[in-house]
Protein chains: 4
Amino acid sequence: MTTPEYPTALGASSRESITLLGTDLARDVMGTVGFGELAFWLATQRRPTPGETRVFEAVLAALADHGFTPTAIVTRLTYLSAPDSVQGALAAGLLGGGSRFLGVTEDSGRFLDDVLTGVDGELPTDDAGWDALALETVTAQRAARRFVPGLGHHVHKDGDPRTPRLFEIATEEGLFGPHLSLFAAIGRVHPQVLGKTLPLNGAGVCGAALADLGLPLELLRGFALLARTAGLIGQLAEELRHPVANDVFLSVDLNNRSVAPDPYVPDLRASDLEGDSHG
Amino acid sequence: MTTPEYPTALGASSRESITLLGTDLARDVMGTVGFGELAFWLATQRRPTPGETRVFEAVLAALADHGFTPTAIVTRLTYLSAPDSVQGALAAGLLGGGSRFLGVTEDSGRFLDDVLTGVDGELPTDDAGWDALALETVTAQRAARRFVPGLGHHVHKDGDPRTPRLFEIATEEGLFGPHLSLFAAIGRVHPQVLGKTLPLNGAGVCGAALADLGLPLELLRGFALLARTAGLIGQLAEELRHPVANDVFLSVDLNNRSVAPDPYVPDLRASDLEGDSHG
Amino acid sequence: MTTPEYPTALGASSRESITLLGTDLARDVMGTVGFGELAFWLATQRRPTPGETRVFEAVLAALADHGFTPTAIVTRLTYLSAPDSVQGALAAGLLGGGSRFLGVTEDSGRFLDDVLTGVDGELPTDDAGWDALALETVTAQRAARRFVPGLGHHVHKDGDPRTPRLFEIATEEGLFGPHLSLFAAIGRVHPQVLGKTLPLNGAGVCGAALADLGLPLELLRGFALLARTAGLIGQLAEELRHPVANDVFLSVDLNNRSVAPDPYVPDLRASDLEGDSHG
Amino acid sequence: MTTPEYPTALGASSRESITLLGTDLARDVMGTVGFGELAFWLATQRRPTPGETRVFEAVLAALADHGFTPTAIVTRLTYLSAPDSVQGALAAGLLGGGSRFLGVTEDSGRFLDDVLTGVDGELPTDDAGWDALALETVTAQRAARRFVPGLGHHVHKDGDPRTPRLFEIATEEGLFGPHLSLFAAIGRVHPQVLGKTLPLNGAGVCGAALADLGLPLELLRGFALLARTAGLIGQLAEELRHPVANDVFLSVDLNNRSVAPDPYVPDLRASDLEGDSHG
């Protein structure tokens, strides 16, 4: 077997120079390209405009830290238990970035994009058009008994402050595209269908904004994780100086209640047993 | 047991608002604070100056991606094997951010800081003073048969292009502090002690620059990991469109050579056995 | 808020004793209960019979190690990069235990269980009955253009040796239940539907056997991961004495080919551009 | 560059057969080799005796689960947050297997082995000889103001029940070797040096027993992690049916107390500032 070659446009180095995305790292990236801009560039292999960078960084700020989330608690507890490995504490926290707590961003972006790519013909060009598409979308979700990703929030019941702010920033930068347009329209029309008014949440609007930036949908969760990495470093930094992890651990351990084992019976056997009892 | 309270200055939210570090997230962070600036702020709970942000982001750029490093290969292989979990692929890559490949940044920052905090009296104020301290430092390391972290590079044997560039940026921003000063002096004086000229490597200068920014030494590795998260998202994005992971996997799997088991004998027993054979 | 209590039947300790699952750990578990038996007991909170333990351990043996899989390579590369963290190297390897390489066990168990719980009335009691159910099942999958999990193998095209052996062990122990019966029947009838004979693979038969043992379907992947943990420790042990990771790394790094960036255009925009070109 | 070959004695497969450690997997491992035995075999490439397997499995039982440890809490919280990834929940829990909570096993084994390999000449052959070596060892540790790994327990202050039990099992199997002998002697003599009686803890005795089994010291932590993997699957299984993770999360989140940011000042600057204030 011949050894394959492995193509990449990312980092490359020779004895004299280092390039990143075909650009001289030392001369043309360091000192010139901000970190949000660089992350965008790495993910898309195209350099974003200043407006795109501003919207992207607004999204990262919106997702960086939400206080004592499970991911934050996990990072602190892992550091308590294994202080020899900062990488382990951060990785453990990121592993909570799945479907429930960080997944809304991805789900929302994908959902909106599915609707948009399913439109036969031109996309709407005014609010009335977007409202019609949104109404059709929400009605179809309801008929299928499915939630609309990005709609609803357990704390910010009267509105998530991140949502209007991100609308505003995207508008200022001329980046209020079809995903944000559809998302905003869903916010306007859903009470007609659902009979109640729910807030458009921050994770959802971030998914819409990232999709409008033309970022790969498969990686929307990745951007939430990038933002969260900065947040988790903040959590670790605070834990180092004002620790709470040991108190969290003890509050669980000291409040454990020993109970008798509860032998597991799978559904299939349970129904057998039930069937037997009817016999 | 009374439930403890858990203090935090990071994210907090009420029904109407969200704050981060005591600042209104939507109004005063989103759209205003860049991502590098935010990461610095989260880690130190103080907002960096524009100059500090520029040096910090230059460091993040220097560390973001170095092509097909073990961490990059690991992220790609993990995604190949478990495409259902972007968080798992990123976390797996970060777990390689340990002592050997990403640790130089931390080791270098800590080493320089140890020397500086060990100085009795005032720190040097001119190159001659720094050279004297550096000479003493390198000599002591050599006597103890220890390496100087940050010195040497297996590819950039004539100089790592990131090093002079970061010196330059730090100088422009008035942030060429004691860690960078000592590091630069080590670069000038070490040939006298070691009898050969080694380059000051990029990971080392990054550690020095982060320490001069006043960032917590315990978290220097964390900043390397933050930078690398952006790089790994770039690796994943490229893998999605131009995959190489399956070729890497096959190049190993198809070139495996089955050998006989080699039973393990611990040193203690091995020396016993040796002793026996002499009997 | 009152502090909640946290019930558990797992480990508990007082000043004098330690219990696990309501059993005295030192007196009645250590030295008496094998590790496979203990893992089963922990997962179900009921102690398995010797026959159940034998089938369970046969499954774990079947899944423990398959040579240079992506998970094995990842563990070795992570150890190369971060030798300070054995836990990181193992965790990184396990993160590859997702849908593609280790997921077949779970998919197969769930698929068979779905079919069985969907049967209206009694389950079959003889081969003819199982064949009829299997025929219906394979036909329905084919009509829906879906694969049958556990069918097919890229290497063992004439039959995976683990499959008849696990059938045999389960039969010996009186544990050839409905999942294995349906799986075996799929092996007999699928050529009628698919027009070709595929092997029943080892991962699939393991899923069927675990489901017949009454283990929770949600955790079938967890048992594959437990088996793999032992395998990854074996990989690490071999890497310590006969390292290959650096060669793997270099074979990729030295065969990288630098290519020009390939800017990403999302499908939605791509179709717009295409639409434009038709205009 | 020629493609390297990658030797391995672990899993290998051809079209017809699968071998593991040179043994036919289906015929001679499945149904014959228990899981603890297999894990030992994989780690050492030699098949353990029944006595070795019994001691090894007793150690794994001793380390499998200790109730609501940080690792258990982390696995449950990660599953709460990302229920789509069982591998992520297990990996996150294992990442807590570091120096503080799971590291004693490794530290103890290594410490004892260092003492033994440092002995000039023959090892002791009776209790008096071991006591003399132990006295010297504890005295030296005390003089260096270092702890003796494995000595002391925050709950089992009058004795950890696992310790005498493991001594007993190892004695029964003729595997009470030099590491256990030295560890037991430390238990006898340390009050003379320290002026108080501390228990020999379970993690420590496990390290001694694993070292006496001739397992690689670099991987002692790995065996603790293998044991813990079974425990974490038990935690996940219980969480699925009797969840506590959301209560743990809420008990932290609802008891958060928002405090003002506390800007970080590194020691070096703090001493500068202090110096200034003296000026």
# chains A, B, ... in the order shown; residues from 1 in each chain; ligands from 1
$ interface_residues --of "chain C" --to "chain A" --cutoff "7 Å" --atoms "only C-alpha atoms" --output "compact mmCIF listing (two decimals) with C-alpha atoms, in the first residue's frame"
# COMPACT_ATOMS: atom_id res chain seq x y z
CA GLU C 5 -31.91 14.07 49.58
CA TYR C 6 -30.22 11.91 47.02
CA PRO C 7 -31.23 8.26 47.16
CA THR C 8 -28.85 5.57 45.96
CA ALA C 9 -28.53 1.82 46.31
CA ALA C 12 -22.43 3.69 50.92
CA LEU C 21 -25.93 -2.67 46.58
CA GLY C 22 -26.90 -3.44 50.15
CA THR C 44 -29.25 -3.94 37.04
CA GLN C 45 -29.20 -3.95 40.85
CA ARG C 46 -29.78 -7.70 40.72
CA SER C 85 -2.89 11.91 32.13
CA GLY C 88 -7.33 11.56 29.50
CA THR C 117 -42.34 -5.21 21.65
CA GLY C 214 -32.42 -8.17 30.39
CA PRO C 216 -31.16 -1.76 29.93
CA VAL C 252 0.40 11.83 8.85
CA ASN C 255 2.66 13.28 4.39
CA ASN C 256 0.60 16.41 4.72
CA ARG C 257 0.08 18.31 1.50
CA SER C 258 -0.57 22.00 1.80
CA VAL C 259 -3.50 23.06 -0.35
CA ALA C 260 -5.19 26.37 -0.98
CA PRO C 261 -8.14 27.31 1.23
CA ASP C 262 -11.51 26.18 -0.10
CA PRO C 263 -14.01 28.79 1.07
CA TYR C 264 -17.20 27.27 2.40
CA VAL C 265 -20.51 28.16 0.78
CA PRO C 266 -23.61 26.77 2.46
CA LEU C 268 -28.74 27.61 0.68
$ select_by_dssp --residues "region 58-249 of chain B" --states "helix (DSSP H, G or I)" --output "PyMOL selection string"
chain B and resi 58-63+70-81+86-94+103-118+127-143+162-172+178-194+202-212+217-241+245-249
$ residues_around --residues "Gly152 (chain C)" --least-positions-apart "5" --cutoff "9 Å" --atoms "only C-alpha atoms" --output "ChimeraX atom specification"
/C:157,159,197-201
$ residues_around --residues "Ala26 (chain A)" --least-positions-apart "6" --cutoff "7 Å" --atoms "only C-alpha atoms" --output "PyMOL selection string"
chain B and resi 161-162+165
$ closest_residue --among "C:Thr229, C:Thr125, C:Thr171, C:Thr32" --to "Ala58 (chain D)" --atoms "only C-alpha atoms"
C:Thr32
$ atom_distance --atom1 "CA of Asp127 (chain A)" --atom2 "CA of His156 (chain A)"
25.4 Å
$ closest_residue --among "B:Ser108, B:Thr163, B:Thr139, B:Gln235" --to "His179 (chain B)" --atoms "only C-alpha atoms"
B:Ser108
